[in-house]
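**Q** Pasting query.cif below, which is mmCIF, C-alpha atoms and all ligand atoms.
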```
data_upload
loop_
_atom_site.label_atom_id
_atom_site.label_comp_id
_atom_site.auth_asym_id
_atom_site.auth_seq_id
_atom_site.Cartn_x
_atom_site.Cartn_y
_atom_site.Cartn_z
CA MET A 1 127.31 101.12 116.31
CA SER A 2 124.93 99.26 118.64
CA ASP A 3 123.48 102.61 119.77
CA SER A 4 122.69 103.67 116.20
CA ALA A 5 119.05 104.21 115.37
CA LEU A 6 119.33 101.14 113.12
CA ALA A 7 122.18 98.65 112.96
CA VAL A 8 122.43 95.62 110.69
CA SER A 9 125.19 93.21 111.62
CA GLU A 10 126.41 90.16 109.71
CA LEU A 11 122.95 89.77 108.17
CA GLU A 12 122.38 86.53 106.25
CA VAL A 13 119.21 85.84 104.26
CA ALA A 14 118.54 82.95 101.90
CA TYR A 15 115.60 81.82 99.79
CA GLY A 16 115.68 78.07 100.18
CA ALA A 17 119.28 77.08 99.52
CA VAL A 18 120.06 80.26 97.56
CA PRO A 19 121.80 83.00 99.57
CA ALA A 20 120.54 86.53 98.79
CA VAL A 21 122.28 88.57 101.54
CA ARG A 22 125.67 87.44 102.83
CA GLY A 23 127.21 88.93 105.95
CA VAL A 24 125.98 92.49 105.46
CA SER A 25 126.74 95.07 108.20
CA PHE A 26 126.00 98.80 108.32
CA ALA A 27 124.43 101.36 110.62
CA VAL A 28 122.17 104.40 110.25
CA GLY A 29 122.25 107.12 112.88
CA GLU A 30 119.55 109.66 113.74
CA GLY A 31 119.65 112.51 111.25
CA GLU A 32 121.52 110.43 108.68
CA ILE A 33 120.72 109.16 105.22
CA VAL A 34 122.54 105.97 104.30
CA GLY A 35 122.34 104.86 100.67
CA LEU A 36 122.27 101.27 99.45
CA ILE A 37 122.91 100.89 95.72
CA GLY A 38 123.73 98.00 93.44
CA PRO A 39 122.55 96.14 90.36
CA ASN A 40 119.26 94.25 90.03
CA GLY A 41 119.26 91.10 92.12
CA ALA A 42 122.03 92.36 94.44
CA GLY A 43 119.89 91.82 97.55
CA LYS A 44 118.77 95.40 98.29
CA SER A 45 115.04 94.68 98.67
CA THR A 46 115.81 91.50 100.60
CA THR A 47 117.88 93.54 103.07
CA LEU A 48 114.93 95.93 103.60
CA HIS A 49 112.48 93.03 103.92
CA ALA A 50 114.68 91.35 106.54
CA ILE A 51 114.86 94.61 108.56
CA VAL A 52 111.06 94.91 108.69
CA GLY A 53 110.54 91.20 109.39
CA LEU A 54 108.97 90.23 106.06
CA VAL A 55 111.67 87.61 105.45
CA PRO A 56 113.51 85.80 108.24
CA ALA A 57 117.21 86.39 108.82
CA ARG A 58 119.18 83.17 108.70
CA GLY A 59 122.02 84.77 110.63
CA GLY A 60 123.18 88.04 112.12
CA ASP A 61 121.02 90.66 113.75
CA VAL A 62 119.07 93.90 113.27
CA THR A 63 118.93 96.30 116.21
CA LEU A 64 116.89 99.41 116.85
CA ARG A 65 118.77 101.70 119.26
CA GLY A 66 120.68 98.66 120.48
CA ARG A 67 117.60 96.45 120.90
CA SER A 68 117.43 93.26 118.82
CA LEU A 69 114.41 92.83 116.55
CA ARG A 70 115.15 89.13 116.07
CA GLY A 71 111.94 87.10 115.81
CA TRP A 72 109.65 90.15 115.90
CA SER A 73 106.58 90.27 113.64
CA PRO A 74 106.34 92.96 110.93
CA GLU A 75 103.52 94.63 112.93
CA ARG A 76 105.63 94.85 116.06
CA ILE A 77 108.61 96.23 114.12
CA ALA A 78 106.34 98.88 112.54
CA ARG A 79 105.01 99.88 115.95
CA ALA A 80 108.57 100.13 117.26
CA GLY A 81 109.08 102.92 114.71
CA VAL A 82 110.42 101.37 111.50
CA ALA A 83 108.49 102.28 108.32
CA LEU A 84 109.03 100.93 104.80
CA VAL A 85 108.03 102.71 101.60
CA PRO A 86 107.90 99.61 99.38
CA GLU A 87 108.93 99.35 95.76
CA GLY A 88 105.94 100.07 93.52
CA ARG A 89 104.27 102.16 96.28
CA ARG A 90 101.51 99.67 97.13
CA LEU A 91 98.75 102.24 97.56
CA PHE A 92 95.03 101.51 97.66
CA ALA A 93 94.04 102.85 94.25
CA GLU A 94 90.29 102.87 95.01
CA LEU A 95 90.72 104.86 98.22
CA THR A 96 91.23 108.60 98.40
CA VAL A 97 94.51 110.27 99.30
CA GLU A 98 93.16 111.04 102.77
CA GLU A 99 91.91 107.47 103.30
CA ASN A 100 95.34 106.10 102.35
CA LEU A 101 96.94 108.44 104.87
CA ARG A 102 94.48 107.38 107.58
CA LEU A 103 95.56 103.76 107.03
CA GLY A 104 99.12 104.91 107.68
CA LEU A 105 97.98 106.40 110.98
CA ALA A 106 97.03 102.90 112.17
CA ALA A 107 100.75 102.04 112.56
CA ARG A 108 101.30 105.13 114.71
CA ARG A 109 103.15 104.76 118.00
CA GLU A 110 102.07 107.84 119.93
CA ASN A 111 98.49 108.95 120.30
CA GLY A 112 99.20 112.44 118.98
CA SER A 113 96.40 114.05 117.05
CA ALA A 114 95.67 112.63 113.61
CA ARG A 115 95.02 116.16 112.40
CA ASP A 116 98.57 117.27 113.35
CA ALA A 117 100.10 114.23 111.64
CA LEU A 118 98.14 114.98 108.45
CA ALA A 119 98.99 118.70 108.62
CA GLU A 120 102.68 117.83 108.81
CA VAL A 121 102.69 115.70 105.68
CA PHE A 122 100.49 118.22 103.85
CA ALA A 123 103.15 120.85 104.64
CA LEU A 124 105.82 118.60 103.09
CA PHE A 125 103.66 117.63 100.08
CA PRO A 126 101.11 120.40 99.36
CA VAL A 127 99.75 118.56 96.32
CA LEU A 128 98.39 115.85 98.64
CA GLU A 129 96.26 118.39 100.50
CA GLU A 130 95.00 119.81 97.24
CA PHE A 131 94.03 116.32 96.02
CA ARG A 132 93.05 114.82 99.38
CA ARG A 133 89.65 113.66 98.07
CA ARG A 134 90.96 112.15 94.83
CA HIS A 135 91.40 108.43 94.40
CA ALA A 136 95.04 107.43 94.73
CA GLY A 137 94.75 105.59 91.41
CA ALA A 138 93.97 108.89 89.66
CA LEU A 139 97.24 110.53 90.75
CA SER A 140 100.38 110.81 88.61
CA GLY A 141 103.34 108.56 89.42
CA GLY A 142 105.13 111.38 91.21
CA GLN A 143 102.05 112.22 93.28
CA GLN A 144 101.62 108.55 94.17
CA GLN A 145 105.22 108.38 95.37
CA GLN A 146 104.67 111.46 97.53
CA LEU A 147 101.57 109.76 98.96
CA ALA A 148 103.51 106.55 99.67
CA ILE A 149 106.18 108.49 101.58
CA ALA A 150 103.54 110.54 103.39
CA ARG A 151 101.67 107.38 104.41
CA ALA A 152 104.88 106.08 106.02
CA LEU A 153 105.57 109.41 107.74
CA VAL A 154 102.16 109.85 109.41
CA ALA A 155 103.06 106.86 111.61
CA LYS A 156 105.92 109.02 113.02
CA PRO A 157 108.67 106.47 112.45
CA SER A 158 112.18 106.96 113.80
CA VAL A 159 113.62 104.89 110.94
CA LEU A 160 112.41 105.28 107.34
CA LEU A 161 113.32 102.72 104.68
CA LEU A 162 112.67 103.46 101.00
CA ASP A 163 112.89 100.96 98.15
CA GLU A 164 113.72 102.70 94.86
CA PRO A 165 111.45 105.72 95.38
CA SER A 166 112.63 107.42 92.17
CA LEU A 167 111.76 104.47 89.91
CA GLY A 168 109.86 105.69 86.84
CA LEU A 169 109.65 109.32 87.96
CA ALA A 170 110.34 112.41 85.85
CA PRO A 171 113.56 114.26 86.78
CA THR A 172 111.77 117.19 88.43
CA ILE A 173 109.85 114.81 90.68
CA VAL A 174 113.06 112.96 91.52
CA ASP A 175 114.45 116.34 92.66
CA LEU A 176 111.38 116.84 94.84
CA VAL A 177 111.64 113.39 96.41
CA PHE A 178 115.36 113.79 97.12
CA SER A 179 114.97 117.29 98.57
CA THR A 180 112.13 116.06 100.79
CA LEU A 181 114.38 113.27 102.11
CA ALA A 182 117.04 115.88 102.97
CA GLN A 183 114.37 117.88 104.80
CA ILE A 184 113.15 114.96 106.90
CA ARG A 185 116.71 113.86 107.66
CA ASP A 186 117.20 117.28 109.22
CA ARG A 187 114.30 116.53 111.60
CA GLY A 188 116.29 113.64 113.05
CA LEU A 189 114.94 110.62 111.19
CA ALA A 190 117.29 107.79 110.27
CA ILE A 191 116.82 107.07 106.56
CA LEU A 192 117.96 104.03 104.58
CA LEU A 193 117.60 104.77 100.88
CA VAL A 194 117.73 101.93 98.35
CA GLU A 195 118.17 103.34 94.85
CA GLN A 196 119.18 102.64 91.26
CA ARG A 197 120.22 106.26 90.70
CA ALA A 198 123.73 105.82 92.04
CA GLN A 199 125.13 109.28 91.51
CA ARG A 200 122.14 111.12 92.98
CA THR A 201 122.15 108.83 95.99
CA VAL A 202 125.87 109.15 96.66
CA ALA A 203 125.56 112.95 96.45
CA LEU A 204 122.66 113.04 98.93
CA ALA A 205 123.52 110.34 101.46
CA ASP A 206 125.99 110.68 104.31
CA ARG A 207 127.40 107.30 103.24
CA THR A 208 126.41 104.93 100.46
CA HIS A 209 127.13 101.21 100.44
CA VAL A 210 127.48 99.33 97.17
CA LEU A 211 125.90 95.88 97.31
CA ALA A 212 126.67 93.23 94.69
CA ASN A 213 125.76 89.56 94.79
CA GLY A 214 124.55 89.85 98.38
CA GLU A 215 127.76 91.41 99.72
CA LEU A 216 128.82 94.97 100.53
CA ARG A 217 131.64 95.92 98.16
CA LEU A 218 132.39 99.57 98.79
CA GLU A 219 131.43 102.59 100.87
CA LEU A 220 131.13 105.95 99.12
CA THR A 221 130.71 109.50 100.44
CA PRO A 222 129.41 112.65 98.72
CA ARG A 223 133.00 113.47 97.69
CA ASP A 224 132.89 110.39 95.42
CA ALA A 225 129.70 111.50 93.62
CA GLY A 226 131.56 112.63 90.51
CA ASP A 227 133.59 109.44 90.32
CA THR A 228 131.24 107.10 88.49
CA ASP A 229 134.14 104.96 87.18
CA ARG A 230 134.90 103.81 90.68
CA MET A 231 131.26 102.89 91.25
CA ILE A 232 130.98 100.95 88.03
CA ALA A 233 134.22 99.11 88.80
CA ALA A 234 132.67 98.12 92.12
CA TYR A 235 129.57 96.76 90.39
CA LEU A 236 131.62 94.61 88.08
CA ALA A 237 134.07 93.33 90.68
N1 LIG B 1 110.73 85.75 97.09
C1 LIG B 1 111.86 85.29 96.55
N2 LIG B 1 112.06 83.98 96.35
C2 LIG B 1 113.21 83.50 95.82
N3 LIG B 1 114.24 84.28 95.45
C3 LIG B 1 114.10 85.60 95.62
C4 LIG B 1 112.92 86.19 96.18
N4 LIG B 1 113.09 87.54 96.23
C5 LIG B 1 114.31 87.78 95.72
N5 LIG B 1 114.92 86.64 95.36
C6 LIG B 1 116.28 86.51 94.81
O1 LIG B 1 117.17 87.07 95.76
C7 LIG B 1 118.18 87.84 95.10
C8 LIG B 1 118.12 89.28 95.61
O2 LIG B 1 116.91 89.89 95.18
P1 LIG B 1 116.46 91.33 95.64
O3 LIG B 1 116.69 91.48 97.08
O4 LIG B 1 115.07 91.55 95.13
O5 LIG B 1 117.51 92.24 94.85
P2 LIG B 1 117.44 93.80 94.48
O6 LIG B 1 116.38 94.44 95.28
O7 LIG B 1 118.82 94.30 94.78
O8 LIG B 1 117.16 93.86 93.00
C9 LIG B 1 117.93 87.71 93.62
O9 LIG B 1 118.74 86.66 93.14
C10 LIG B 1 116.46 87.33 93.54
O10 LIG B 1 116.20 86.56 92.38
MG MG B 2 114.70 95.52 94.68
#
```
Written as structure tokens, how would this file's structure read?
Ligand SMILES: Nc1ncnc2c1ncn2[C@@H]1O[C@H](COP(=O)(O)OP(=O)(O)O)[C@@H](O)[C@H]1O
Ligand SMILES: [Mg+2]

**A**
Amino acid sequence: MSDSALAVSELEVAYGAVPAVRGVSFAVGEGEIVGLIGPNGAGKSTTLHAIVGLVPARGGDVTLRGRSLRGWSPERIARAGVALVPEGRRLFAELTVEENLRLGLAARRENGSARDALAEVFALFPVLEEFRRRHAGALSGGQQQQLAIARALVAKPSVLLLDEPSLGLAPTIVDLVFSTLAQIRDRGLAILLVEQRAQRTVALADRTHVLANGELRLELTPRDAGDTDRMIAAYLA
């Protein structure tokens, strides 16, 4: 587990005196998608924010290929190869698609060519190349989500974290987002996918953890995707 691309062990996070994440442990290997599902307020976003250093861990550890990220700044964690696609996308609406992508390049680790990095994400999301000179604010929700994922990918992360990427998207765009995640998994990225769409996530991910009230309750595999009763029981436990 310590050699996994990303490992979270016995993670504890609290806001003041209120615990939000309580003893959470899981790992994501290269070429894996691990799902994290659970009701609102379960601690999913907090887990992601602790991994990227936006909130401090009160206990436990996060390791990247066995190396502890404890005490690292968000900038240093990004440069080490961990990228977050935040909830709500957080794009610069007044900037063009291409300008948003160039900001993503700033977090890049290697000095590979910017043109190659852009060409790669344009191959994944052709609509972004077509609209490269449009303002991000003028794009549809689905196009904005593609841009948010592309902005994370141009930095060439080894670990990609996504916070509810399908929120508010039409079903066909959800299909596109999920099939793109399968494609980039196959290139060797380690992906941690936080979602509300439980069934879709369980079907896609190699493993899915159910989080409730800050604690992991259950681990599901694609074979469980049809068994929603079991998932709901886990939520209510
Ligand atoms: N900045 C914050 N300050 C205080 N409490 C917070 C903050 N962010 C989240 N919380 C609380 O922590 C718990 C977990 O929230 P969160 O991680 O956002 O859950 P999820 O993403 O699963 O909906 C909730 O009880 C929420 O109210
Ligand atoms: Mg959340």

**Q** Using only C-alpha atoms and all ligand atoms, find each residue of chain A with at least one atom at most 6 Å away from an atom of ligand LIG 1 (chain B); report its shortest atom-to-atom pair and that distance in Å (one decimal), sort the rows by chain and rising residue number, and return the result as a Markdown table.

**A**
```
| residue | atom | partner | partner_atom | distance |
| --- | --- | --- | --- | --- |
| A:Tyr15 | CA | B:LIG1 | C2 | 4.9 |
| A:Ala20 | CA | B:LIG1 | O1 | 4.6 |
| A:Asn40 | CA | B:LIG1 | O8 | 3.7 |
| A:Gly41 | CA | B:LIG1 | O5 | 3.4 |
| A:Ala42 | CA | B:LIG1 | O7 | 3.8 |
| A:Gly43 | CA | B:LIG1 | O3 | 3.3 |
| A:Lys44 | CA | B:LIG1 | O7 | 3.7 |
| A:Ser45 | CA | B:LIG1 | O6 | 3.7 |
| A:Thr46 | CA | B:LIG1 | O3 | 3.6 |
```

**Q** Between A:Asp227, A:Asp163, A:Asp175, A:Glu99, which has the minimum distance to ligand MG 2 (chain B) (counting only C-alpha atoms and all ligand atoms)?

**A**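 Of A:Asp227, A:Asp163, A:Asp175, A:Glu99, the one nearest ligand MG 2 (chain B) is A:Asp163, counting only C-alpha atoms and all ligand atoms.
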
**Q** Could you give me, as a list in words, the residues within 8 Å of segment 4-9 of chain A, counting all atoms listed in the file and dropping anything in the same chain fewer than 2 positions from it?

**A** Met1, Ser2, Leu11, Gly23, Val24, Ser25, Phe26, Ala27, Val28, Gly29, Glu30, Ile51, Gly60, Asp61, Val62, Thr63, Leu64, Arg65, Gly66, Ser158, Val159 and Ala190 of chain A

**Q** Show me, as a PyMOL selection string, the residues that have an atom within 7 Å of Val210 of chain A when counting all atoms listed in the file, minus same-chain residues fewer than 6 positions from it.

**A** chain A and resi 36-38+216-219

**Q** How about saving the chosen residues, C-alpha atoms kept, as a short mmCIF file (atom, residue, chain, number, x, y, z; two decimals), keeping the file's coordinate frame?

**A**
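Output file out-v5.cif is given in full below:
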```cif
data_model
loop_
_atom_site.label_atom_id
_atom_site.label_comp_id
_atom_site.auth_asym_id
_atom_site.auth_seq_id
_atom_site.Cartn_x
_atom_site.Cartn_y
_atom_site.Cartn_z
CA LEU A 36 122.27 101.27 99.45
CA ILE A 37 122.91 100.89 95.72
CA GLY A 38 123.73 98.00 93.44
CA LEU A 216 128.82 94.97 100.53
CA ARG A 217 131.64 95.92 98.16
CA LEU A 218 132.39 99.57 98.79
CA GLU A 219 131.43 102.59 100.87
#
```

**Q** Return the single residue from A:Pro39, A:Gly142, A:Pro56, A:Pro171 that is closest to ligand MG 2 (chain B), with distances computed using only C-alpha atoms and all ligand atoms.

**A**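 Result for the nearest residue to ligand MG 2 (chain B): A:Pro39.
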
**Q** Place a sphere of radius 12 Å on (118.7, 79.1, 112.3) in the file coordinates and name every protein, DNA or RNA residue with an atom inside or on its surface, counting only C-alpha atoms; give the answer as a PyMOL selection string.

**A** chain A and resi 12-14+56-61+70-71

**Q** Using atom CA of Leu192 of chain A and atom CA of Val82 of chain A as the two end points, give the distance in Å to one decimal.

**A**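 Between these atoms lies a distance of 10.6 Å.
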